Amino acid sequence: MYVVHFAGKATVPSNVNDVNIPESRRAQVIMAGMNAHAGAEAGPKAEAATGLGRARYHHGDLANALTSAAVALAREGGPDAVVLREAARRVGVSPAAAYRHFAGHDDLLYAVKLRAQQELADAMEARVNAAEPEADPAFEALRRLTAVGFAYLHFALEEPGLFRTAFCHTAQPASEADDEVQAESGDHGQPDGADADGAAPGVRDLRRYRAFKILSESLDLLVQLGLLRPERRPNAEIPAWAMVHGLATLLLDGPLDLGDKAAQDAILQMALDNVVNGLVN
């Protein structure tokens, strides 16, 4: 039942859903109620008939819809499965419409790569925050580093398509590269090949990914607490990352098949222990 009252207007009884409405508006309200009822009855069929799938993109979110469709393709089959025409087909638009938002396959793949990196970073942060912090700051720093490693491997095993896409080689769109050059032109005032913290250029480039920054910040915390000597900090991300990424690759694509999660976690714990021992000793 709907109760309708128009302030300051006289109402008269109506036998339509027991609603009191002004005489002058009765016909309009009746029609509105009939249309709403018809829409509820039609359900998904009415939505399909009105072409709502196409209407969603007239406000400029087609690029986002195409990227989401392409992420689903990557989840299913990795970077090789990301095809602009197939993403357009899934969204329900023409390839010509898709090309107005992405210059070509590489631009779409780069957008999907960024999304995959974001999901990896989300998984890492969720794992770090899943447990209660340790009371001892040193133990807490080691716990965080270990959680980052576990999350990385589990993401690789649970989302192999996205994991491979997150680290696929694809050219960065020129517009984004130009934006980064402008943003970083004032960083530290260092010449090419140098950085204030001694990081190699490749490491600096990787810091645009939140997942890599999470690893970097975990290592910085070790330095702050005196667990990692400052002279050993530059580029320490590389051996730590290589150990876990290499193990993930062996489990996904190589000859290492441990069969169950417990065995995988035991090997990962051994690898992380070696990383930590190598850093703090």
# chains A, B, ... in the order shown; residues from 1 in each chain; ligands from 1
$ closest_atom_pairs --of "stretch 49-154 of chain A" --to "stretch 228-246 of chain A" --cutoff "12 Å" --atoms "only C-alpha atoms" --output "Markdown table"
| residue | atom | partner | partner_atom | distance |
| --- | --- | --- | --- | --- |
| A:Ala138 | CA | A:Leu228 | CA | 10.8 |
| A:Ala141 | CA | A:Leu228 | CA | 10.9 |
| A:Leu142 | CA | A:Leu228 | CA | 11.0 |
| A:Leu145 | CA | A:Ala240 | CA | 9.8 |
| A:Thr146 | CA | A:Val244 | CA | 10.6 |
| A:Ala147 | CA | A:Val244 | CA | 11.8 |
| A:Val148 | CA | A:Val244 | CA | 9.9 |
| A:Gly149 | CA | A:Val244 | CA | 6.5 |
| A:Phe150 | CA | A:Val244 | CA | 8.6 |
| A:Ala151 | CA | A:Val244 | CA | 10.2 |
| A:Tyr152 | CA | A:Val244 | CA | 7.5 |
| A:Leu153 | CA | A:Val244 | CA | 6.8 |
| A:His154 | CA | A:Val244 | CA | 10.5 |
$ residues_around --residues "A:Thr249" --least-positions-apart "5" --cutoff "10 Å" --atoms "only C-alpha atoms" --output "list in words"
Leu153, Ala156, Leu157, Pro160, Phe163, Arg164, Val244, Gly254, Pro255 and Leu256 of chain A
$ select_by_dssp --residues "stretch 202-249 of chain A" --states "alpha helix (DSSP H)" --output "MDAnalysis selection string"
chainID A and resid 202:206 210:224 237:249
$ write_last_selection --atoms "C-alpha atoms" --output "compact mmCIF listing (two decimals), in the first residue's frame"
# COMPACT_ATOMS: atom_id res chain seq x y z
CA GLY A 202 64.49 -0.76 -12.15
CA VAL A 203 63.55 -0.78 -8.49
CA ARG A 204 62.41 2.84 -8.69
CA ASP A 205 60.22 1.98 -11.67
CA LEU A 206 58.56 -0.88 -9.77
CA ARG A 210 51.38 -0.71 -4.65
CA ALA A 211 52.32 -4.37 -4.13
CA PHE A 212 55.99 -3.54 -4.56
CA LYS A 213 55.65 -0.53 -2.26
CA ILE A 214 54.20 -2.79 0.44
CA LEU A 215 57.32 -4.96 0.23
CA SER A 216 59.57 -1.89 0.26
CA GLU A 217 57.84 -0.46 3.32
CA SER A 218 58.17 -3.79 5.13
CA LEU A 219 61.92 -3.72 4.53
CA ASP A 220 62.12 -0.06 5.59
CA LEU A 221 60.52 -1.03 8.88
CA LEU A 222 63.27 -3.58 9.48
CA VAL A 223 65.83 -0.81 9.10
CA GLN A 224 63.95 1.52 11.43
CA GLU A 237 63.48 -5.99 -2.54
CA ILE A 238 65.07 -7.91 -5.40
CA PRO A 239 66.34 -11.04 -3.57
CA ALA A 240 63.25 -11.14 -1.35
CA TRP A 241 60.91 -10.80 -4.32
CA ALA A 242 62.91 -13.21 -6.48
CA MET A 243 62.72 -15.95 -3.85
CA VAL A 244 58.92 -15.82 -3.53
CA HIS A 245 58.20 -15.11 -7.21
CA GLY A 246 60.48 -17.93 -8.28
CA LEU A 247 58.75 -20.35 -5.92
CA ALA A 248 55.36 -19.26 -7.24
CA THR A 249 56.52 -19.82 -10.82
$ residues_around --residues "A:Leu66" --least-positions-apart "5" --cutoff "7 Å" --atoms "only C-alpha atoms" --output "ChimeraX atom specification"
/A:87-88,91
$ closest_residue --among "A:Leu252, A:Val82, A:Met124, A:Ala74" --to "A:His105" --atoms "only C-alpha atoms"
A:Val82
$ closest_residue --among "A:Ala171, A:Ala81, A:Val71, A:Val128" --to "A:Asp107" --atoms "only C-alpha atoms"
A:Ala171
$ residues_around --residues "A:Arg115" --least-positions-apart "6" --cutoff "9 Å" --atoms "only C-alpha atoms" --output "list in words"
Thr67, Ser68, Val71, Leu162 and Ala166 of chain A
$ closest_residue --among "A:Glu159, A:Asp122, A:Asp136, A:Asp106" --to "A:Glu76" --atoms "only C-alpha atoms"
A:Glu159
$ atom_distance --atom1 "atom CA of A:Leu227" --atom2 "atom CA of A:Leu279"
8.2 Å
